[in-house]
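Raw entry39.cif, mmCIF, C-alpha atoms:
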```cif
data_start
#
loop_
_atom_site.label_atom_id
_atom_site.label_comp_id
_atom_site.auth_asym_id
_atom_site.auth_seq_id
_atom_site.Cartn_x
_atom_site.Cartn_y
_atom_site.Cartn_z
CA MET A 103 -26.42 6.00 10.57
CA THR A 104 -24.36 8.44 12.58
CA ASP A 105 -21.91 10.56 10.62
CA TRP A 106 -18.57 9.52 12.07
CA ALA A 107 -15.27 10.90 10.86
CA GLN A 108 -12.84 8.62 9.05
CA HIS A 109 -9.90 7.46 11.17
CA GLY A 110 -6.89 6.14 9.32
CA SER A 111 -5.83 6.86 5.79
CA TYR A 112 -5.32 5.08 2.49
CA SER A 113 -4.37 5.76 -1.09
CA LEU A 114 -5.09 3.63 -4.15
CA SER A 115 -3.35 3.72 -7.50
CA TRP A 116 -2.96 1.42 -10.46
CA GLN A 117 0.52 0.37 -11.49
CA GLY A 118 -0.18 -1.72 -14.55
CA ASP A 119 -2.06 -4.85 -13.40
CA VAL A 120 -1.35 -4.06 -9.74
CA LEU A 121 -3.57 -2.01 -7.46
CA LEU A 122 -1.20 -0.45 -4.94
CA ALA A 123 -2.99 0.26 -1.67
CA ARG A 124 -1.11 2.21 1.00
CA TYR A 125 -2.65 2.15 4.47
CA GLY A 126 -1.86 4.46 7.38
CA GLY A 127 -2.97 5.18 10.92
CA THR A 128 -5.58 3.36 12.98
CA TRP A 129 -8.68 2.49 10.99
CA ASN A 130 -12.33 2.68 11.85
CA GLU A 131 -15.13 1.26 9.73
CA ILE A 132 -15.49 4.54 7.80
CA ALA A 133 -11.96 4.13 6.39
CA SER A 134 -12.80 0.60 5.18
CA ARG A 135 -16.12 1.72 3.72
CA ASN A 136 -14.47 4.65 1.86
CA LEU A 137 -11.64 2.39 0.61
CA HIS A 138 -14.18 -0.05 -0.82
CA GLN A 139 -16.17 2.69 -2.55
CA GLU A 140 -13.09 4.24 -4.16
CA ALA A 141 -11.75 0.81 -5.16
CA ARG A 142 -15.03 -0.07 -6.92
CA GLU A 143 -14.63 3.04 -9.08
CA LEU A 144 -11.05 2.03 -9.96
CA TRP A 145 -12.09 -1.54 -10.78
CA ALA A 146 -14.79 -0.24 -13.13
CA GLN A 147 -12.21 1.92 -14.95
CA ARG A 148 -10.21 -1.20 -15.90
CA GLY A 149 -13.02 -2.43 -18.10
CA LEU A 150 -13.66 -6.02 -19.11
CA GLN A 151 -11.96 -8.65 -21.23
CA SER A 152 -13.46 -9.59 -24.60
CA ASP A 153 -15.32 -12.47 -22.90
CA GLY A 154 -17.05 -10.03 -20.52
CA ARG A 155 -15.09 -11.05 -17.42
CA ALA A 156 -13.07 -8.63 -15.33
CA LYS A 157 -9.42 -8.24 -16.33
CA PRO A 158 -7.19 -10.07 -13.81
CA TRP A 159 -5.23 -7.91 -11.38
CA GLY A 160 -3.29 -8.13 -8.15
CA LEU A 161 -3.42 -6.18 -4.89
CA LEU A 162 -0.31 -5.02 -3.09
CA SER A 163 -1.24 -3.79 0.39
CA ASP A 164 1.54 -1.57 1.73
CA ALA A 165 0.64 -1.38 5.40
CA LEU A 166 4.02 -0.21 6.71
CA ASP A 167 2.36 2.93 8.16
CA TRP A 168 -0.80 1.13 9.29
CA GLU A 169 -1.32 0.90 13.04
CA GLY A 170 -4.33 -1.43 13.03
CA GLY A 171 -8.08 -1.26 12.94
CA THR A 172 -11.24 -1.86 14.88
CA PRO A 173 -12.92 -5.25 14.47
CA GLU A 174 -15.63 -3.49 12.43
CA ALA A 175 -12.98 -1.97 10.14
CA LEU A 176 -11.42 -5.39 9.56
CA ASP A 177 -14.85 -6.95 8.85
CA LEU A 178 -15.59 -4.26 6.26
CA TRP A 179 -12.08 -4.60 4.79
CA TRP A 180 -12.89 -8.29 4.24
CA LYS A 181 -16.00 -7.28 2.24
CA PHE A 182 -13.70 -5.08 0.10
CA PHE A 183 -11.42 -8.10 -0.42
CA GLU A 184 -14.24 -10.47 -1.39
CA ASP A 185 -15.64 -7.89 -3.81
CA GLY A 186 -12.16 -7.43 -5.28
CA VAL A 187 -12.04 -11.14 -6.09
CA ARG A 188 -15.43 -10.83 -7.82
CA HIS A 189 -13.96 -7.94 -9.83
CA GLY A 190 -10.86 -9.75 -11.10
CA MET A 191 -8.37 -9.84 -8.22
CA VAL A 192 -6.41 -13.09 -8.53
CA ALA A 193 -3.42 -12.49 -6.23
CA VAL A 194 -2.63 -10.37 -3.18
CA THR A 195 0.42 -9.64 -1.12
CA ASP A 196 0.66 -7.73 2.14
CA VAL A 197 3.65 -5.77 3.40
CA LEU A 198 3.26 -5.37 7.17
CA PRO A 199 5.47 -3.49 9.63
CA THR A 200 5.74 -6.02 12.48
CA GLN A 201 4.97 -9.58 13.54
CA PHE A 202 2.25 -8.09 15.76
CA HIS A 203 0.50 -6.78 12.63
CA GLU A 204 0.96 -10.17 10.97
CA ALA A 205 -0.78 -11.80 13.95
CA MET A 206 -3.56 -9.17 13.83
CA VAL A 207 -4.43 -10.05 10.22
CA LYS A 208 -3.53 -13.77 10.24
CA ALA A 209 -7.15 -14.96 10.18
CA LEU A 210 -7.91 -12.63 7.26
CA ALA A 211 -4.74 -13.71 5.45
CA ASP A 212 -5.68 -17.39 5.88
CA ARG A 213 -9.16 -16.69 4.46
CA ALA A 214 -7.64 -14.62 1.64
CA GLY A 215 -5.49 -17.56 0.59
CA GLN A 216 -8.64 -19.58 -0.02
CA LEU A 217 -9.97 -17.03 -2.55
CA ALA A 218 -6.82 -15.78 -4.28
CA ARG A 219 -3.11 -16.50 -4.39
CA TYR A 220 -1.64 -14.91 -1.27
CA GLN A 221 1.80 -14.07 0.05
CA LEU A 222 3.17 -12.00 2.89
CA SER A 223 6.06 -9.93 1.48
CA ALA A 224 8.97 -8.31 3.32
CA SER A 225 8.94 -5.16 1.15
CA VAL A 226 7.01 -3.42 -1.62
CA ASP A 227 9.72 -4.44 -4.12
CA GLU A 228 9.44 -8.10 -3.05
CA GLY A 229 5.65 -7.88 -3.35
CA LEU A 230 5.84 -6.43 -6.86
CA ALA A 231 8.31 -9.16 -7.86
CA TRP A 232 6.00 -11.88 -6.51
CA LEU A 233 3.00 -10.40 -8.31
CA ALA A 234 5.07 -10.32 -11.53
CA GLU A 235 5.73 -14.06 -11.01
CA GLN A 236 1.93 -14.47 -10.91
CA GLY A 237 1.73 -12.83 -14.36
CA LEU A 238 0.68 -9.41 -13.07
CA GLN A 239 2.96 -6.68 -14.35
CA SER A 240 3.37 -3.34 -12.66
CA ASN A 241 4.67 -0.35 -14.57
CA SER A 242 7.41 -0.05 -11.98
CA ASP A 243 11.00 -1.10 -12.52
CA ALA A 244 11.23 -1.87 -8.80
CA ALA A 245 10.46 -5.54 -9.39
CA GLU A 246 13.32 -6.08 -11.80
#
```
Please express what this file holds, its structure, as structure tokens.
Amino acid sequence: MTDWAQHGSYSLSWQGDVLLARYGGTWNEIASRNLHQEARELWAQRGLQSDGRAKPWGLLSDALDWEGGTPEALDLWWKFFEDGVRHGMVAVTDVLPTQFHEAMVKALADRAGQLARYQLSASVDEGLAWLAEQGLQSNSDAAE
């Protein structure tokens, strides 16, 4: 494999039962691969329920600063999403900057809705409120 530089940026942080993912720039597959690797470490830190299953959590994707991604980046992002479901993700909401971005990820969003509860949200606050309605509490007062 050639050592390519990551294009695009992300940050991940837990807010209670919500994994807040902020995406920026134009992504290549290295960004998606790195996101997935870092997310796996965060999922492992949550531990398991008493029955041995992953604790349920929700994903809020704040993509207001995201410009898009290569087809390879989107394919690898989907692998991150599927793995998230296997590791306890039960609901996801995306906050996107434009209708163009909504069209760019529509196929992924449709697939996502088959694996987890899904909603497109107009803002981070709206997304946190929707996730709270799904029983996933953030440690942010923004949803109240």
Next on the checklist: Evaluate the PyMOL selection byres ((chain A and resi 191) around 9) against this structure - the residues, as a ChimeraX atom specification, please.
Outcome noted: /A:156-161,183,185-190,192-194,218
Next on the checklist: To one decimal place in Å, what is the distance between CA of Asp167 (chain A) and CA of Pro199 (chain A)?
Outcome noted: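 Between CA of Asp167 (chain A) and CA of Pro199 (chain A) the gap works out to 7.3 Å.
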Next on the checklist: Once the PyMOL selection byres ((chain A and resi 203) around 12) has been evaluated on this model, what residues remain selected, and can you format them as a ChimeraX atom specification?
Outcome noted: /A:128,165-171,196-202,204-211,222
Next on the checklist: Applying the PyMOL selection byres ((chain A and resi 130-140) around 7) to the file I just gave you, which residues come out? Please list them as a ChimeraX atom specification.
Outcome noted: /A:108-111,128-129,141-144,171-172,174-175,178-179,182
Item to check | Minimum-distance residue to Leu114 (chain A), chosen among A:Asp164, A:Leu176, A:Asp153, A:Glu184 (using all atoms listed in the file) | outcome: A:Asp164
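Going from CA of Val120 (chain A) to CA of Leu233 (chain A) covers 7.8 Å.
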Counting all atoms listed in the file, write as a tab-separated table (two decimals) with C-alpha atoms, in the coordinates of the input all protein and nucleic acid residues lying at most 9 Å from (2.6, -3.9, -11.3) in the file's frame.
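Below is the file out_19.tsv, written as the result:
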```tsv
chain	number	residue	atom	x	y	z
A	116	TRP	CA	-2.96	1.42	-10.46
A	117	GLN	CA	0.52	0.37	-11.49
A	118	GLY	CA	-0.18	-1.72	-14.55
A	119	ASP	CA	-2.06	-4.85	-13.40
A	120	VAL	CA	-1.35	-4.06	-9.74
A	121	LEU	CA	-3.57	-2.01	-7.46
A	122	LEU	CA	-1.20	-0.45	-4.94
A	159	TRP	CA	-5.23	-7.91	-11.38
A	160	GLY	CA	-3.29	-8.13	-8.15
A	162	LEU	CA	-0.31	-5.02	-3.09
A	230	LEU	CA	5.84	-6.43	-6.86
A	231	ALA	CA	8.31	-9.16	-7.86
A	233	LEU	CA	3.00	-10.40	-8.31
A	234	ALA	CA	5.07	-10.32	-11.53
A	238	LEU	CA	0.68	-9.41	-13.07
A	239	GLN	CA	2.96	-6.68	-14.35
A	240	SER	CA	3.37	-3.34	-12.66
A	241	ASN	CA	4.67	-0.35	-14.57
A	242	SER	CA	7.41	-0.05	-11.98
A	243	ASP	CA	11.00	-1.10	-12.52
A	245	ALA	CA	10.46	-5.54	-9.39
```
Next on the checklist: Report, in Å to a single decimal, how far apart CA of Asp177 (chain A) and CA of Trp106 (chain A) are.
Outcome noted: 17.2 Å
Checklist entry - Which protein, DNA or RNA residues have an atom at most 7 Å from (-2.2, 7.2, 2.4), counting only C-alpha atoms? List them as a PyMOL selection string. => result chain A and resi 111-113+124-126
Please reconstruct the missing atoms of region 147-158 of chain A (target: all heavy atoms) and return them as a PDB file, in the coordinates of the input.
```pdb
ATOM      1  N   GLN A 147     -13.021   1.236 -13.933  1.00  0.00           N
ATOM      2  CA  GLN A 147     -12.210   1.920 -14.950  1.00  0.00           C
ATOM      3  C   GLN A 147     -11.361   0.939 -15.754  1.00  0.00           C
ATOM      4  O   GLN A 147     -10.979   1.239 -16.883  1.00  0.00           O
ATOM      5  CB  GLN A 147     -11.295   2.968 -14.308  1.00  0.00           C
ATOM      6  CG  GLN A 147     -12.023   4.157 -13.746  1.00  0.00           C
ATOM      7  CD  GLN A 147     -11.098   5.062 -12.940  1.00  0.00           C
ATOM      8  OE1 GLN A 147      -9.877   4.896 -12.945  1.00  0.00           O
ATOM      9  NE2 GLN A 147     -11.679   6.025 -12.242  1.00  0.00           N
ATOM     10  N   ARG A 148     -11.046  -0.219 -15.188  1.00  0.00           N
ATOM     11  CA  ARG A 148     -10.210  -1.200 -15.900  1.00  0.00           C
ATOM     12  C   ARG A 148     -10.944  -1.829 -17.067  1.00  0.00           C
ATOM     13  O   ARG A 148     -10.322  -2.342 -17.980  1.00  0.00           O
ATOM     14  CB  ARG A 148      -9.755  -2.306 -14.945  1.00  0.00           C
ATOM     15  CG  ARG A 148      -8.569  -1.895 -14.129  1.00  0.00           C
ATOM     16  CD  ARG A 148      -8.046  -3.018 -13.272  1.00  0.00           C
ATOM     17  NE  ARG A 148      -7.633  -4.221 -13.965  1.00  0.00           N
ATOM     18  CZ  ARG A 148      -6.460  -4.407 -14.564  1.00  0.00           C
ATOM     19  NH1 ARG A 148      -5.584  -3.451 -14.604  1.00  0.00           N
ATOM     20  NH2 ARG A 148      -6.171  -5.559 -15.122  1.00  0.00           N
ATOM     21  N   GLY A 149     -12.259  -1.826 -17.012  1.00  0.00           N
ATOM     22  CA  GLY A 149     -13.020  -2.430 -18.100  1.00  0.00           C
ATOM     23  C   GLY A 149     -13.016  -3.946 -18.018  1.00  0.00           C
ATOM     24  O   GLY A 149     -12.574  -4.539 -17.030  1.00  0.00           O
ATOM     25  N   LEU A 150     -13.506  -4.567 -19.075  1.00  0.00           N
ATOM     26  CA  LEU A 150     -13.660  -6.020 -19.110  1.00  0.00           C
ATOM     27  C   LEU A 150     -12.851  -6.619 -20.249  1.00  0.00           C
ATOM     28  O   LEU A 150     -12.489  -5.931 -21.204  1.00  0.00           O
ATOM     29  CB  LEU A 150     -15.148  -6.375 -19.307  1.00  0.00           C
ATOM     30  CG  LEU A 150     -16.114  -5.856 -18.245  1.00  0.00           C
ATOM     31  CD1 LEU A 150     -17.543  -6.156 -18.647  1.00  0.00           C
ATOM     32  CD2 LEU A 150     -15.799  -6.434 -16.879  1.00  0.00           C
ATOM     33  N   GLN A 151     -12.597  -7.907 -20.138  1.00  0.00           N
ATOM     34  CA  GLN A 151     -11.960  -8.650 -21.230  1.00  0.00           C
ATOM     35  C   GLN A 151     -12.993  -8.877 -22.329  1.00  0.00           C
ATOM     36  O   GLN A 151     -14.187  -8.663 -22.135  1.00  0.00           O
ATOM     37  CB  GLN A 151     -11.463 -10.011 -20.705  1.00  0.00           C
ATOM     38  CG  GLN A 151     -10.443  -9.896 -19.594  1.00  0.00           C
ATOM     39  CD  GLN A 151      -9.971 -11.254 -19.138  1.00  0.00           C
ATOM     40  OE1 GLN A 151      -8.866 -11.626 -19.416  1.00  0.00           O
ATOM     41  NE2 GLN A 151     -10.819 -11.991 -18.433  1.00  0.00           N
ATOM     42  N   SER A 152     -12.547  -9.358 -23.468  1.00  0.00           N
ATOM     43  CA  SER A 152     -13.460  -9.590 -24.600  1.00  0.00           C
ATOM     44  C   SER A 152     -14.559 -10.594 -24.258  1.00  0.00           C
ATOM     45  O   SER A 152     -15.634 -10.550 -24.843  1.00  0.00           O
ATOM     46  CB  SER A 152     -12.678 -10.039 -25.824  1.00  0.00           C
ATOM     47  OG  SER A 152     -11.986 -11.237 -25.539  1.00  0.00           O
ATOM     48  N   ASP A 153     -14.307 -11.484 -23.274  1.00  0.00           N
ATOM     49  CA  ASP A 153     -15.320 -12.470 -22.900  1.00  0.00           C
ATOM     50  C   ASP A 153     -16.289 -11.938 -21.833  1.00  0.00           C
ATOM     51  O   ASP A 153     -17.134 -12.668 -21.340  1.00  0.00           O
ATOM     52  CB  ASP A 153     -14.670 -13.770 -22.414  1.00  0.00           C
ATOM     53  CG  ASP A 153     -13.825 -13.581 -21.164  1.00  0.00           C
ATOM     54  OD1 ASP A 153     -13.803 -12.475 -20.582  1.00  0.00           O
ATOM     55  OD2 ASP A 153     -13.170 -14.561 -20.760  1.00  0.00           O
ATOM     56  N   GLY A 154     -16.136 -10.650 -21.475  1.00  0.00           N
ATOM     57  CA  GLY A 154     -17.050 -10.030 -20.520  1.00  0.00           C
ATOM     58  C   GLY A 154     -16.641 -10.167 -19.063  1.00  0.00           C
ATOM     59  O   GLY A 154     -17.290  -9.612 -18.181  1.00  0.00           O
ATOM     60  N   ARG A 155     -15.565 -10.909 -18.800  1.00  0.00           N
ATOM     61  CA  ARG A 155     -15.090 -11.050 -17.420  1.00  0.00           C
ATOM     62  C   ARG A 155     -14.140  -9.909 -17.078  1.00  0.00           C
ATOM     63  O   ARG A 155     -13.544  -9.302 -17.965  1.00  0.00           O
ATOM     64  CB  ARG A 155     -14.378 -12.392 -17.211  1.00  0.00           C
ATOM     65  CG  ARG A 155     -15.318 -13.578 -17.325  1.00  0.00           C
ATOM     66  CD  ARG A 155     -14.621 -14.897 -17.047  1.00  0.00           C
ATOM     67  NE  ARG A 155     -13.492 -15.053 -17.960  1.00  0.00           N
ATOM     68  CZ  ARG A 155     -12.373 -15.704 -17.672  1.00  0.00           C
ATOM     69  NH1 ARG A 155     -12.213 -16.271 -16.507  1.00  0.00           N
ATOM     70  NH2 ARG A 155     -11.398 -15.804 -18.549  1.00  0.00           N
ATOM     71  N   ALA A 156     -13.992  -9.669 -15.787  1.00  0.00           N
ATOM     72  CA  ALA A 156     -13.070  -8.630 -15.330  1.00  0.00           C
ATOM     73  C   ALA A 156     -11.638  -9.002 -15.701  1.00  0.00           C
ATOM     74  O   ALA A 156     -11.270 -10.179 -15.681  1.00  0.00           O
ATOM     75  CB  ALA A 156     -13.189  -8.447 -13.825  1.00  0.00           C
ATOM     76  N   LYS A 157     -10.835  -8.009 -16.048  1.00  0.00           N
ATOM     77  CA  LYS A 157      -9.420  -8.240 -16.330  1.00  0.00           C
ATOM     78  C   LYS A 157      -8.723  -8.629 -15.022  1.00  0.00           C
ATOM     79  O   LYS A 157      -8.946  -7.996 -13.986  1.00  0.00           O
ATOM     80  CB  LYS A 157      -8.776  -6.974 -16.884  1.00  0.00           C
ATOM     81  CG  LYS A 157      -9.294  -6.570 -18.241  1.00  0.00           C
ATOM     82  CD  LYS A 157      -8.635  -5.282 -18.692  1.00  0.00           C
ATOM     83  CE  LYS A 157      -9.201  -4.814 -20.023  1.00  0.00           C
ATOM     84  NZ  LYS A 157      -8.657  -3.505 -20.419  1.00  0.00           N
ATOM     85  N   PRO A 158      -7.872  -9.657 -15.032  1.00  0.00           N
ATOM     86  CA  PRO A 158      -7.190 -10.070 -13.810  1.00  0.00           C
ATOM     87  C   PRO A 158      -6.211  -9.003 -13.306  1.00  0.00           C
ATOM     88  O   PRO A 158      -5.554  -8.332 -14.098  1.00  0.00           O
ATOM     89  CB  PRO A 158      -6.448 -11.345 -14.194  1.00  0.00           C
ATOM     90  CG  PRO A 158      -6.642 -11.550 -15.636  1.00  0.00           C
ATOM     91  CD  PRO A 158      -7.540 -10.499 -16.169  1.00  0.00           C
TER      92      PRO A 158
END
```
